[in-house]
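**Q** entry-v6.pdb (PDB, C-alpha atoms, pLDDT in the B column) pasted underneath:
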```pdb
ATOM      1  CA  MET A   1      -9.922  24.164  20.734  1.00 60.00           C
ATOM      2  CA  THR A   2      -6.954  22.233  22.061  1.00 73.00           C
ATOM      3  CA  ASN A   3      -5.622  22.629  25.552  1.00 83.00           C
ATOM      4  CA  PRO A   4      -2.430  24.786  25.483  1.00 89.00           C
ATOM      5  CA  ILE A   5      -0.804  22.188  27.730  1.00 94.00           C
ATOM      6  CA  ASP A   6      -1.058  19.752  24.793  1.00 93.00           C
ATOM      7  CA  ALA A   7       1.162  22.051  22.711  1.00 93.00           C
ATOM      8  CA  ALA A   8       3.782  22.085  25.469  1.00 95.00           C
ATOM      9  CA  LEU A   9       3.513  18.294  25.689  1.00 95.00           C
ATOM     10  CA  ASP A  10       3.992  17.945  21.913  1.00 95.00           C
ATOM     11  CA  GLU A  11       7.138  20.073  22.154  1.00 95.00           C
ATOM     12  CA  LEU A  12       8.532  18.010  25.050  1.00 95.00           C
ATOM     13  CA  ALA A  13       7.678  14.728  23.298  1.00 94.00           C
ATOM     14  CA  ASP A  14       9.555  15.932  20.194  1.00 95.00           C
ATOM     15  CA  GLU A  15      12.591  16.851  22.309  1.00 94.00           C
ATOM     16  CA  PHE A  16      12.552  13.447  24.024  1.00 92.00           C
ATOM     17  CA  GLU A  17      12.186  11.720  20.645  1.00 92.00           C
ATOM     18  CA  LEU A  18      15.350  13.437  19.364  1.00 93.00           C
ATOM     19  CA  LEU A  19      17.335  12.189  22.360  1.00 91.00           C
ATOM     20  CA  GLY A  20      16.846   8.510  21.698  1.00 81.00           C
ATOM     21  CA  ASP A  21      17.925   6.403  24.665  1.00 87.00           C
ATOM     22  CA  TRP A  22      17.047   6.945  28.310  1.00 87.00           C
ATOM     23  CA  GLU A  23      20.581   7.762  29.360  1.00 90.00           C
ATOM     24  CA  GLU A  24      20.482  10.835  27.113  1.00 93.00           C
ATOM     25  CA  ARG A  25      16.962  11.651  28.275  1.00 92.00           C
ATOM     26  CA  TYR A  26      18.004  11.497  31.934  1.00 91.00           C
ATOM     27  CA  ARG A  27      20.877  13.879  31.227  1.00 94.00           C
ATOM     28  CA  TYR A  28      18.418  16.220  29.490  1.00 95.00           C
ATOM     29  CA  VAL A  29      15.966  16.044  32.418  1.00 95.00           C
ATOM     30  CA  ILE A  30      18.816  16.891  34.823  1.00 95.00           C
ATOM     31  CA  GLU A  31      19.802  19.844  32.592  1.00 97.00           C
ATOM     32  CA  LEU A  32      16.207  21.122  32.646  1.00 96.00           C
ATOM     33  CA  GLY A  33      16.328  20.988  36.445  1.00 96.00           C
ATOM     34  CA  LYS A  34      19.491  23.088  36.542  1.00 96.00           C
ATOM     35  CA  GLU A  35      17.613  25.861  34.696  1.00 95.00           C
ATOM     36  CA  LEU A  36      14.959  26.252  37.419  1.00 96.00           C
ATOM     37  CA  ALA A  37      14.852  29.635  39.118  1.00 93.00           C
ATOM     38  CA  PRO A  38      15.974  29.123  42.708  1.00 93.00           C
ATOM     39  CA  LEU A  39      13.416  29.352  45.491  1.00 97.00           C
ATOM     40  CA  THR A  40      14.077  31.527  48.525  1.00 96.00           C
ATOM     41  CA  ASP A  41      14.670  29.912  51.917  1.00 95.00           C
ATOM     42  CA  ALA A  42      11.225  31.163  52.966  1.00 96.00           C
ATOM     43  CA  GLU A  43       9.648  29.401  49.964  1.00 97.00           C
ATOM     44  CA  ARG A  44      11.279  26.114  50.984  1.00 96.00           C
ATOM     45  CA  SER A  45       8.663  25.854  53.700  1.00 96.00           C
ATOM     46  CA  GLU A  46       6.529  23.018  55.041  1.00 95.00           C
ATOM     47  CA  GLU A  47       3.532  24.712  53.422  1.00 95.00           C
ATOM     48  CA  ASN A  48       5.118  24.466  49.952  1.00 96.00           C
ATOM     49  CA  LYS A  49       6.491  20.958  50.415  1.00 96.00           C
ATOM     50  CA  VAL A  50       4.961  18.292  48.179  1.00 95.00           C
ATOM     51  CA  ARG A  51       3.977  15.259  50.234  1.00 90.00           C
ATOM     52  CA  GLY A  52       4.580  11.791  48.826  1.00 86.00           C
ATOM     53  CA  CYS A  53       7.976  12.503  47.288  1.00 77.00           C
ATOM     54  CA  ALA A  54      11.027  10.574  48.470  1.00 81.00           C
ATOM     55  CA  SER A  55      13.166  13.646  47.739  1.00 88.00           C
ATOM     56  CA  GLN A  56      12.457  17.098  49.110  1.00 93.00           C
ATOM     57  CA  VAL A  57      10.189  18.915  46.621  1.00 95.00           C
ATOM     58  CA  TRP A  58       8.755  22.386  47.014  1.00 97.00           C
ATOM     59  CA  LEU A  59       6.088  23.908  44.803  1.00 97.00           C
ATOM     60  CA  VAL A  60       4.957  27.530  44.905  1.00 97.00           C
ATOM     61  CA  THR A  61       1.623  28.401  43.286  1.00 97.00           C
ATOM     62  CA  GLU A  62       1.103  32.036  42.288  1.00 97.00           C
ATOM     63  CA  PRO A  63      -2.313  33.073  40.924  1.00 96.00           C
ATOM     64  CA  GLN A  64      -1.905  35.761  38.259  1.00 96.00           C
ATOM     65  CA  ALA A  65      -4.105  38.782  37.499  1.00 95.00           C
ATOM     66  CA  ASP A  66      -5.268  37.163  34.225  1.00 95.00           C
ATOM     67  CA  GLY A  67      -6.573  34.120  36.115  1.00 95.00           C
ATOM     68  CA  THR A  68      -3.730  31.788  35.146  1.00 97.00           C
ATOM     69  CA  LEU A  69      -1.552  30.002  37.672  1.00 98.00           C
ATOM     70  CA  GLN A  70       2.203  30.425  37.715  1.00 97.00           C
ATOM     71  CA  PHE A  71       4.178  27.609  39.336  1.00 98.00           C
ATOM     72  CA  ARG A  72       7.725  27.618  40.617  1.00 97.00           C
ATOM     73  CA  GLY A  73       9.455  24.699  42.235  1.00 97.00           C
ATOM     74  CA  ASP A  74      12.651  22.961  43.199  1.00 95.00           C
ATOM     75  CA  SER A  75      14.009  19.746  44.666  1.00 95.00           C
ATOM     76  CA  ASP A  76      17.114  18.618  46.503  1.00 93.00           C
ATOM     77  CA  ALA A  77      17.670  15.844  43.921  1.00 93.00           C
ATOM     78  CA  HIS A  78      18.950  16.550  40.377  1.00 93.00           C
ATOM     79  CA  ILE A  79      16.665  14.193  38.480  1.00 92.00           C
ATOM     80  CA  VAL A  80      13.647  15.302  40.520  1.00 93.00           C
ATOM     81  CA  SER A  81      14.462  18.963  39.825  1.00 96.00           C
ATOM     82  CA  GLY A  82      14.280  18.028  36.157  1.00 95.00           C
ATOM     83  CA  LEU A  83      10.881  16.409  36.681  1.00 94.00           C
ATOM     84  CA  VAL A  84       9.753  19.591  38.452  1.00 96.00           C
ATOM     85  CA  ALA A  85      10.961  21.577  35.416  1.00 97.00           C
ATOM     86  CA  ILE A  86       8.900  19.341  33.100  1.00 96.00           C
ATOM     87  CA  MET A  87       5.792  19.841  35.243  1.00 96.00           C
ATOM     88  CA  LEU A  88       6.340  23.611  35.233  1.00 97.00           C
ATOM     89  CA  ARG A  89       6.702  23.612  31.469  1.00 96.00           C
ATOM     90  CA  LEU A  90       3.416  21.796  31.106  1.00 96.00           C
ATOM     91  CA  TYR A  91       1.367  23.600  33.749  1.00 97.00           C
ATOM     92  CA  SER A  92       2.816  27.028  34.543  1.00 97.00           C
ATOM     93  CA  GLY A  93       1.000  29.996  33.022  1.00 97.00           C
ATOM     94  CA  ARG A  94      -2.127  27.945  32.258  1.00 97.00           C
ATOM     95  CA  SER A  95      -5.716  28.489  33.296  1.00 96.00           C
ATOM     96  CA  PRO A  96      -7.047  26.397  36.188  1.00 97.00           C
ATOM     97  CA  ALA A  97      -9.667  24.900  33.829  1.00 96.00           C
ATOM     98  CA  ASP A  98      -6.963  23.756  31.378  1.00 96.00           C
ATOM     99  CA  ILE A  99      -4.912  22.278  34.229  1.00 97.00           C
ATOM    100  CA  VAL A 100      -7.864  20.348  35.646  1.00 96.00           C
ATOM    101  CA  ALA A 101      -8.905  19.090  32.183  1.00 94.00           C
ATOM    102  CA  PHE A 102      -5.411  17.849  31.244  1.00 94.00           C
ATOM    103  CA  ASP A 103      -4.757  14.096  31.400  1.00 92.00           C
ATOM    104  CA  ALA A 104      -1.437  14.012  33.239  1.00 90.00           C
ATOM    105  CA  LYS A 105      -1.164  10.219  33.266  1.00 88.00           C
ATOM    106  CA  ALA A 106      -1.456  10.064  29.462  1.00 91.00           C
ATOM    107  CA  ALA A 107       1.168  12.808  29.193  1.00 91.00           C
ATOM    108  CA  LEU A 108       3.644  10.972  31.428  1.00 88.00           C
ATOM    109  CA  ASP A 109       3.018   7.777  29.450  1.00 89.00           C
ATOM    110  CA  ARG A 110       3.593   9.624  26.178  1.00 92.00           C
ATOM    111  CA  LEU A 111       6.916  10.992  27.409  1.00 91.00           C
ATOM    112  CA  GLY A 112       7.831   7.503  28.563  1.00 87.00           C
ATOM    113  CA  LEU A 113       8.362   8.726  32.108  1.00 84.00           C
ATOM    114  CA  SER A 114       5.958   6.248  33.672  1.00 75.00           C
ATOM    115  CA  GLY A 115       8.068   3.285  32.599  1.00 81.00           C
ATOM    116  CA  ALA A 116      11.489   4.892  32.990  1.00 85.00           C
ATOM    117  CA  LEU A 117      11.240   6.073  36.585  1.00 87.00           C
ATOM    118  CA  SER A 118      11.568   4.093  39.778  1.00 86.00           C
ATOM    119  CA  SER A 119       8.277   3.539  41.583  1.00 86.00           C
ATOM    120  CA  GLN A 120       9.341   6.081  44.240  1.00 87.00           C
ATOM    121  CA  ARG A 121       9.994   8.759  41.600  1.00 87.00           C
ATOM    122  CA  SER A 122       6.779   7.860  39.769  1.00 87.00           C
ATOM    123  CA  ASN A 123       4.831   8.272  43.005  1.00 88.00           C
ATOM    124  CA  GLY A 124       6.564  11.581  43.650  1.00 88.00           C
ATOM    125  CA  LEU A 125       5.664  12.786  40.168  1.00 91.00           C
ATOM    126  CA  LYS A 126       2.036  11.771  40.744  1.00 92.00           C
ATOM    127  CA  SER A 127       2.109  13.706  44.026  1.00 94.00           C
ATOM    128  CA  MET A 128       3.376  16.807  42.189  1.00 95.00           C
ATOM    129  CA  VAL A 129       0.612  16.506  39.583  1.00 95.00           C
ATOM    130  CA  ALA A 130      -1.997  15.970  42.304  1.00 95.00           C
ATOM    131  CA  ARG A 131      -0.809  19.106  44.114  1.00 97.00           C
ATOM    132  CA  ILE A 132      -0.889  21.201  40.917  1.00 97.00           C
ATOM    133  CA  GLN A 133      -4.361  19.928  40.063  1.00 96.00           C
ATOM    134  CA  ARG A 134      -5.597  20.507  43.624  1.00 97.00           C
ATOM    135  CA  ASP A 135      -4.350  24.132  43.516  1.00 97.00           C
ATOM    136  CA  ALA A 136      -6.043  24.594  40.129  1.00 97.00           C
ATOM    137  CA  GLN A 137      -9.294  23.104  41.468  1.00 97.00           C
ATOM    138  CA  GLU A 138      -9.144  25.448  44.465  1.00 96.00           C
ATOM    139  CA  ALA A 139      -8.615  28.417  42.133  1.00 95.00           C
ATOM    140  CA  LEU A 140     -11.637  27.343  40.081  1.00 93.00           C
ATOM    141  CA  SER A 141     -13.778  26.942  43.206  1.00 92.00           C
ATOM    142  CA  ALA A 142     -12.697  30.340  44.510  1.00 88.00           C
ATOM    143  CA  ARG A 143     -13.945  31.971  41.296  1.00 77.00           C
ATOM    144  CA  GLY A 144     -17.065  30.028  41.406  1.00 67.00           C
TER     145      GLY A 144
END
```
Would it be possible to restate this file's structure as structure tokens?

**A**
Amino acid sequence: MTNPIDAALDELADEFELLGDWEERYRYVIELGKELAPLTDAERSEENKVRGCASQVWLVTEPQADGTLQFRGDSDAHIVSGLVAIMLRLYSGRSPADIVAFDAKAALDRLGLSGALSSQRSNGLKSMVARIQRDAQEALSARG
């Protein structure tokens, strides 16, 4: 059985493929970021801040009754908000086991993000993934 995150990745990869050059892809990533649901002032807390990002990034993890994890997030930078939106599309609504099993580095390589982002943004993206995976691991351990 394939990981449902792979299906979301396939869909994103297809969308990126249609866009062609990176200028168009950046515009698309920024558009995705504009579609994020806004976080409340209370959610823009130190506790929800993702460490290791040059921009301000907040990530809210909400365990659901069915055992999946719902993620919401935002950033103060347009391109980073778009990267948050991509992470949410991949990970939100998934089981902790699927999140932990997913190869995020391969996914970012497949989308071409690893090579297209500055090292600061790449590190920030890795920090977001690490935070999502840590929260998923904690959810798994709590069930355990």

**Q** Give me the residues within 12 Å of A:Ala104 as a PyMOL selection string, counting all atoms listed in the file and dropping any in the same chain fewer than 2 places off.

**A** chain A and resi 5-6+9+86-87+90-91+98-102+106-111+113-114+125-130+132-133

**Q** Atom CA of A:Ala139 to atom CA of A:Pro63: how many Å, to one decimal?

**A** 7.9 Å

**Q** Could you name the residues that touch A:Gly93 at 6 Å or less, counting all atoms listed in the file, but leaving out those on the same chain fewer than 6 positions away, as a ChimeraX atom specification?

**A** /A:68-70

**Q** The PyMOL selection byres ((chain A and resi 52) around 8) on the file shown: which residues, as a list in words?

**A** Val50, Arg51, Cys53, Ala54, Asn123, Gly124 and Ser127 of chain A

**Q** Translate the PyMOL selection byres ((chain A and resi 18-27) around 12) into a concrete residue list for this structure, as a ChimeraX atom specification.

**A** /A:11-17,28-34,78-83,111-113,115-117

**Q** Do you know which residues lie at most 12 Å from (0.1, 29.0, 40.7), with coordinates as in the file and all atoms listed in the file counted, and could you write them as a VMD selection string?

**A** chain A and resid 48 59 to 73 88 91 to 96 99 131 to 140

**Q** Enter the distance from atom CA of A:Ala77 to atom CA of A:Asp10, in Å, rounded to one decimal.

**A**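 Value for the atom CA of A:Ala77-atom CA of A:Asp10 distance: 26.0 Å.
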
**Q** Around all the atoms of stretch 127-132 of chain A listed in the file, draw an axis-aligned box and extend it by 5 Å on each of the six sides; I want its centre and edge lengths in Å to one decimal, as AutoDock Vina command-line options.

**A**
```
--center_x 0.7 --center_y 17.5 --center_z 41.8 --size_x 15.4 --size_y 17.5 --size_z 14.5
```

**Q** What is the atom CA of A:Thr2-atom CA of A:Glu35 distance in Å, reported with one decimal?

**A**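 Taking atom CA of A:Thr2 as the start and atom CA of A:Glu35 as the end point, the length is 27.9 Å.
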
**Q** Go through A:Ser119, A:Ser75, A:Ser141, A:Asn3 and flag the residue nearest A:Ser55, using all atoms listed in the file for the distances.

**A**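 Smallest distance to A:Ser55 is found for A:Ser75.
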
**Q** With only C-alpha atoms as the basis for distance, which of A:Ala85, A:Ala97, A:Ala7, A:Ala142 is at the shortest distance from A:Leu36?

**A**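 Using only C-alpha atoms, A:Leu36 sits closest to A:Ala85.
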